[in-house]
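Engineer: Quick one: the structure is below, questions incoming.
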Amino acid sequence: QLQASGGGSVQAGGSLRLSCAASGRTFTNWIMSWFRQAPGKDREFVASTTWNLGTTNYADFVKGRFTITRDKANVMVYLEMNSLKPEDTAVYYCASKSSAATTYSYWGQGTQVTVSS
């Protein structure tokens, strides 16, 4: 249903663009999000966008550096990550849920992002 890609290794200050290919259903009235999980830490919310209007929400630690967008025609969600820091190192997951739901229904398989200092 969700397939994440685009991770890799970059130096601090660099950029990466993550992609999430969605399939298998229509996403009207759904929320598409990115989460991340660093080694030894809990999974945390990074950013989200509503499918219909593209309304976005960001965790404070990525505001001004990351941008989430969606391509409705190609059913894709992107996370543009700039000014990367070593503390951004994590496995990044895309996820989706109905706007009425409290939990996420679908999760991608995760893509590793490693930022070296």
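Following the order of the structure tokens, first chain is A, next is B, and so on, with residues numbered from 1 inside each chain and ligands from 1 in the order they appear.
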With the cut-off set at 8 Å and counting only C-alpha atoms, tabulate each residue of region 65-113 of chain A with an atom at most that distance from an atom of region 18-29 of chain A, showing the nearest atom pair and its distance in Å to one decimal, ordered by chain and increasing number, as JSON lines.
Structural biologist:
{"residue": "A:Val75", "atom": "CA", "partner": "A:Ala22", "partner_atom": "CA", "distance": 5.6}
{"residue": "A:Met76", "atom": "CA", "partner": "A:Ala21", "partner_atom": "CA", "distance": 4.8}
{"residue": "A:Val77", "atom": "CA", "partner": "A:Cys20", "partner_atom": "CA", "distance": 5.0}
{"residue": "A:Tyr78", "atom": "CA", "partner": "A:Ser19", "partner_atom": "CA", "distance": 4.6}
{"residue": "A:Leu79", "atom": "CA", "partner": "A:Leu18", "partner_atom": "CA", "distance": 5.0}
{"residue": "A:Glu80", "atom": "CA", "partner": "A:Leu18", "partner_atom": "CA", "distance": 6.4}
{"residue": "A:Met81", "atom": "CA", "partner": "A:Leu18", "partner_atom": "CA", "distance": 7.9}
{"residue": "A:Cys94", "atom": "CA", "partner": "A:Cys20", "partner_atom": "CA", "distance": 6.3}
{"residue": "A:Ser98", "atom": "CA", "partner": "A:Asn29", "partner_atom": "CA", "distance": 6.2}
{"residue": "A:Ser99", "atom": "CA", "partner": "A:Asn29", "partner_atom": "CA", "distance": 5.8}
{"residue": "A:Gly108", "atom": "CA", "partner": "A:Cys20", "partner_atom": "CA", "distance": 7.7}
Engineer: I'd like to know which residues of region 7-104 of chain A are helix (DSSP H, G or I) (by DSSP, run on the backbone); could you write them as a list in words?
Structural biologist: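 Of region 7-104 of chain A, the ones in helix (DSSP H, G or I) are Asp60, Phe61, Val62, Pro86, Glu87 and Asp88 of chain A.
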Engineer: Skip Gly13 (chain A) itself and residues of its chain fewer than 5 positions away, then list as a PDB file with all heavy atoms, in the first residue's frame all residues within 12 Å of it, counting only C-alpha atoms.
Structural biologist:
ATOM      1  N   ARG A  65      13.165  23.291   7.796  1.00  0.00           N
ATOM      2  CA  ARG A  65      14.168  22.452   7.124  1.00  0.00           C
ATOM      3  C   ARG A  65      13.538  21.400   6.227  1.00  0.00           C
ATOM      4  O   ARG A  65      14.076  21.096   5.162  1.00  0.00           O
ATOM      5  CB  ARG A  65      15.052  21.754   8.160  1.00  0.00           C
ATOM      6  CG  ARG A  65      15.812  22.698   9.062  1.00  0.00           C
ATOM      7  CD  ARG A  65      16.847  21.946   9.910  1.00  0.00           C
ATOM      8  NE  ARG A  65      16.241  20.950  10.790  1.00  0.00           N
ATOM      9  CZ  ARG A  65      16.567  19.655  10.799  1.00  0.00           C
ATOM     10  NH1 ARG A  65      17.491  19.194   9.985  1.00  0.00           N
ATOM     11  NH2 ARG A  65      15.984  18.828  11.645  1.00  0.00           N
ATOM     12  N   MET A  81      14.136  17.107   2.563  1.00  0.00           N
ATOM     13  CA  MET A  81      14.868  17.354   3.800  1.00  0.00           C
ATOM     14  C   MET A  81      16.129  18.149   3.484  1.00  0.00           C
ATOM     15  O   MET A  81      16.988  17.677   2.731  1.00  0.00           O
ATOM     16  CB  MET A  81      15.235  16.034   4.474  1.00  0.00           C
ATOM     17  CG  MET A  81      14.029  15.124   4.722  1.00  0.00           C
ATOM     18  SD  MET A  81      14.453  13.640   5.658  1.00  0.00           S
ATOM     19  CE  MET A  81      15.518  12.818   4.484  1.00  0.00           C
ATOM     20  N   ASN A  82      16.222  19.323   4.037  1.00  0.00           N
ATOM     21  CA  ASN A  82      17.377  20.196   3.832  1.00  0.00           C
ATOM     22  C   ASN A  82      18.065  20.473   5.168  1.00  0.00           C
ATOM     23  O   ASN A  82      17.492  20.248   6.230  1.00  0.00           O
ATOM     24  CB  ASN A  82      16.931  21.510   3.202  1.00  0.00           C
ATOM     25  CG  ASN A  82      16.315  21.310   1.832  1.00  0.00           C
ATOM     26  OD1 ASN A  82      16.838  20.585   0.995  1.00  0.00           O
ATOM     27  ND2 ASN A  82      15.178  21.951   1.593  1.00  0.00           N
ATOM     28  N   SER A  83      19.278  20.966   5.094  1.00  0.00           N
ATOM     29  CA  SER A  83      20.059  21.312   6.296  1.00  0.00           C
ATOM     30  C   SER A  83      20.058  20.148   7.281  1.00  0.00           C
ATOM     31  O   SER A  83      19.818  20.334   8.476  1.00  0.00           O
ATOM     32  CB  SER A  83      19.486  22.580   6.946  1.00  0.00           C
ATOM     33  OG  SER A  83      19.504  23.654   6.046  1.00  0.00           O
ATOM     34  N   LEU A  84      20.321  18.972   6.779  1.00  0.00           N
ATOM     35  CA  LEU A  84      20.265  17.782   7.618  1.00  0.00           C
ATOM     36  C   LEU A  84      21.319  17.812   8.708  1.00  0.00           C
ATOM     37  O   LEU A  84      22.430  18.330   8.518  1.00  0.00           O
ATOM     38  CB  LEU A  84      20.423  16.536   6.757  1.00  0.00           C
ATOM     39  CG  LEU A  84      19.156  16.137   5.980  1.00  0.00           C
ATOM     40  CD1 LEU A  84      19.483  15.187   4.853  1.00  0.00           C
ATOM     41  CD2 LEU A  84      18.117  15.526   6.922  1.00  0.00           C
ATOM     42  N   LYS A  85      20.950  17.251   9.856  1.00  0.00           N
ATOM     43  CA  LYS A  85      21.822  17.191  11.021  1.00  0.00           C
ATOM     44  C   LYS A  85      22.058  15.732  11.397  1.00  0.00           C
ATOM     45  O   LYS A  85      21.223  14.873  11.084  1.00  0.00           O
ATOM     46  CB  LYS A  85      21.156  17.913  12.198  1.00  0.00           C
ATOM     47  CG  LYS A  85      20.735  19.343  11.913  1.00  0.00           C
ATOM     48  CD  LYS A  85      19.966  19.918  13.087  1.00  0.00           C
ATOM     49  CE  LYS A  85      19.504  21.335  12.809  1.00  0.00           C
ATOM     50  NZ  LYS A  85      18.740  21.893  13.962  1.00  0.00           N
ATOM     51  N   PRO A  86      23.135  15.454  12.090  1.00  0.00           N
ATOM     52  CA  PRO A  86      23.366  14.058  12.517  1.00  0.00           C
ATOM     53  C   PRO A  86      22.196  13.497  13.314  1.00  0.00           C
ATOM     54  O   PRO A  86      21.906  12.286  13.209  1.00  0.00           O
ATOM     55  CB  PRO A  86      24.630  14.171  13.364  1.00  0.00           C
ATOM     56  CG  PRO A  86      25.365  15.328  12.774  1.00  0.00           C
ATOM     57  CD  PRO A  86      24.296  16.315  12.381  1.00  0.00           C
ATOM     58  N   GLU A  87      21.517  14.331  14.071  1.00  0.00           N
ATOM     59  CA  GLU A  87      20.383  13.847  14.871  1.00  0.00           C
ATOM     60  C   GLU A  87      19.164  13.522  14.018  1.00  0.00           C
ATOM     61  O   GLU A  87      18.172  13.002  14.543  1.00  0.00           O
ATOM     62  CB  GLU A  87      20.008  14.860  15.952  1.00  0.00           C
ATOM     63  CG  GLU A  87      19.814  16.270  15.454  1.00  0.00           C
ATOM     64  CD  GLU A  87      21.070  17.137  15.626  1.00  0.00           C
ATOM     65  OE1 GLU A  87      22.186  16.636  15.335  1.00  0.00           O
ATOM     66  OE2 GLU A  87      20.911  18.304  16.050  1.00  0.00           O
ATOM     67  N   ASP A  88      19.207  13.801  12.729  1.00  0.00           N
ATOM     68  CA  ASP A  88      18.136  13.380  11.826  1.00  0.00           C
ATOM     69  C   ASP A  88      18.315  11.929  11.375  1.00  0.00           C
ATOM     70  O   ASP A  88      17.441  11.388  10.690  1.00  0.00           O
ATOM     71  CB  ASP A  88      18.086  14.280  10.586  1.00  0.00           C
ATOM     72  CG  ASP A  88      17.677  15.702  10.906  1.00  0.00           C
ATOM     73  OD1 ASP A  88      16.758  15.892  11.731  1.00  0.00           O
ATOM     74  OD2 ASP A  88      18.270  16.637  10.325  1.00  0.00           O
ATOM     75  N   VAL A 115      23.035  10.690   8.528  1.00  0.00           N
ATOM     76  CA  VAL A 115      23.683  11.993   8.372  1.00  0.00           C
ATOM     77  C   VAL A 115      24.960  11.986   9.202  1.00  0.00           C
ATOM     78  O   VAL A 115      24.929  11.803  10.417  1.00  0.00           O
ATOM     79  CB  VAL A 115      22.768  13.139   8.814  1.00  0.00           C
ATOM     80  CG1 VAL A 115      23.434  14.484   8.530  1.00  0.00           C
ATOM     81  CG2 VAL A 115      21.418  13.051   8.114  1.00  0.00           C
ATOM     82  N   SER A 116      26.072  12.184   8.545  1.00  0.00           N
ATOM     83  CA  SER A 116      27.370  12.177   9.231  1.00  0.00           C
ATOM     84  C   SER A 116      27.851  13.603   9.468  1.00  0.00           C
ATOM     85  O   SER A 116      27.574  14.505   8.673  1.00  0.00           O
ATOM     86  CB  SER A 116      28.389  11.401   8.411  1.00  0.00           C
ATOM     87  OG  SER A 116      28.522  11.967   7.121  1.00  0.00           O
ATOM     88  N   SER A 117      28.601  13.763  10.546  1.00  0.00           N
ATOM     89  CA  SER A 117      29.088  15.106  10.900  1.00  0.00           C
ATOM     90  C   SER A 117      30.426  15.408  10.247  1.00  0.00           C
ATOM     91  O   SER A 117      31.061  14.534   9.680  1.00  0.00           O
ATOM     92  CB  SER A 117      29.220  15.214  12.420  1.00  0.00           C
ATOM     93  OG  SER A 117      30.077  14.206  12.911  1.00  0.00           O
TER      94      SER A 117
END
Engineer: Between A:Ala4, A:Met32, A:Ile68, A:Val10, single out the one closest to Trp51 (chain A), counting only C-alpha atoms.
Structural biologist: A:Met32
Engineer: Smallest atom-to-atom distance to Tyr92 (chain A): which of A:Tyr106, A:Leu2, A:Ile31, A:Val46, using only C-alpha atoms?
Structural biologist: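 Under the stated criterion, the closest residue is A:Val46.
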Engineer: Among chain A, which ones does DSSP place in strand (DSSP E), written as an NGL selection string?
Structural biologist: :A and (2-5 or 8-11 or 16-22 or 30-37 or 44-50 or 56-58 or 66-71 or 76-81 or 90-98 or 106-107 or 111-116)
Engineer: Quick one: everything within 10 Å of Ser9 (chain A), counting only C-alpha atoms, minus sequence neighbours fewer than 2 positions away in the same chain. Send it as a list in words.
Structural biologist: Gly7, Gln11, Ala12, Gly14, Ser15, Leu16, Thr89, Gln112, Val113, Thr114, Val115 and Ser116 of chain A
Engineer: If you measure from CA of Gly6 (chain A) to CA of Lys41 (chain A), what distance in Å do you get, rounded to one decimal?
Structural biologist: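 Between these atoms lies a distance of 21.9 Å.
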Engineer: Hey, what's within 7 Å of Val91 (chain A) if we count only C-alpha atoms and toss same-chain stuff fewer than 3 positions away? As a PDB file with N, CA, C and O atoms, in the first residue's frame, please?
Structural biologist:
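File written: part-v6.pdb
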ATOM      1  N   ARG A  36       9.681   8.911  12.002  1.00  0.00           N
ATOM      2  CA  ARG A  36      11.047   8.390  12.001  1.00  0.00           C
ATOM      3  C   ARG A  36      11.340   7.697  13.322  1.00  0.00           C
ATOM      4  O   ARG A  36      10.722   7.989  14.337  1.00  0.00           O
ATOM      5  N   GLN A  37      12.286   6.787  13.264  1.00  0.00           N
ATOM      6  CA  GLN A  37      12.714   6.086  14.473  1.00  0.00           C
ATOM      7  C   GLN A  37      14.223   5.940  14.452  1.00  0.00           C
ATOM      8  O   GLN A  37      14.787   5.283  13.559  1.00  0.00           O
ATOM      9  N   ALA A  38      14.861   6.571  15.427  1.00  0.00           N
ATOM     10  CA  ALA A  38      16.306   6.468  15.581  1.00  0.00           C
ATOM     11  C   ALA A  38      16.618   5.277  16.477  1.00  0.00           C
ATOM     12  O   ALA A  38      15.776   4.851  17.267  1.00  0.00           O
ATOM     13  N   GLY A 110       9.839   1.672   5.486  1.00  0.00           N
ATOM     14  CA  GLY A 110      10.932   2.428   6.072  1.00  0.00           C
ATOM     15  C   GLY A 110      12.119   2.559   5.141  1.00  0.00           C
ATOM     16  O   GLY A 110      12.426   1.653   4.364  1.00  0.00           O
ATOM     17  N   THR A 111      12.765   3.701   5.235  1.00  0.00           N
ATOM     18  CA  THR A 111      13.973   3.946   4.453  1.00  0.00           C
ATOM     19  C   THR A 111      15.000   4.626   5.351  1.00  0.00           C
ATOM     20  O   THR A 111      14.677   5.545   6.104  1.00  0.00           O
ATOM     21  N   GLN A 112      16.236   4.148   5.309  1.00  0.00           N
ATOM     22  CA  GLN A 112      17.278   4.618   6.230  1.00  0.00           C
ATOM     23  C   GLN A 112      17.869   5.944   5.755  1.00  0.00           C
ATOM     24  O   GLN A 112      18.262   6.081   4.588  1.00  0.00           O
ATOM     25  N   VAL A 113      17.956   6.882   6.666  1.00  0.00           N
ATOM     26  CA  VAL A 113      18.645   8.150   6.436  1.00  0.00           C
ATOM     27  C   VAL A 113      19.776   8.248   7.446  1.00  0.00           C
ATOM     28  O   VAL A 113      19.548   8.146   8.650  1.00  0.00           O
TER      29      VAL A 113
END
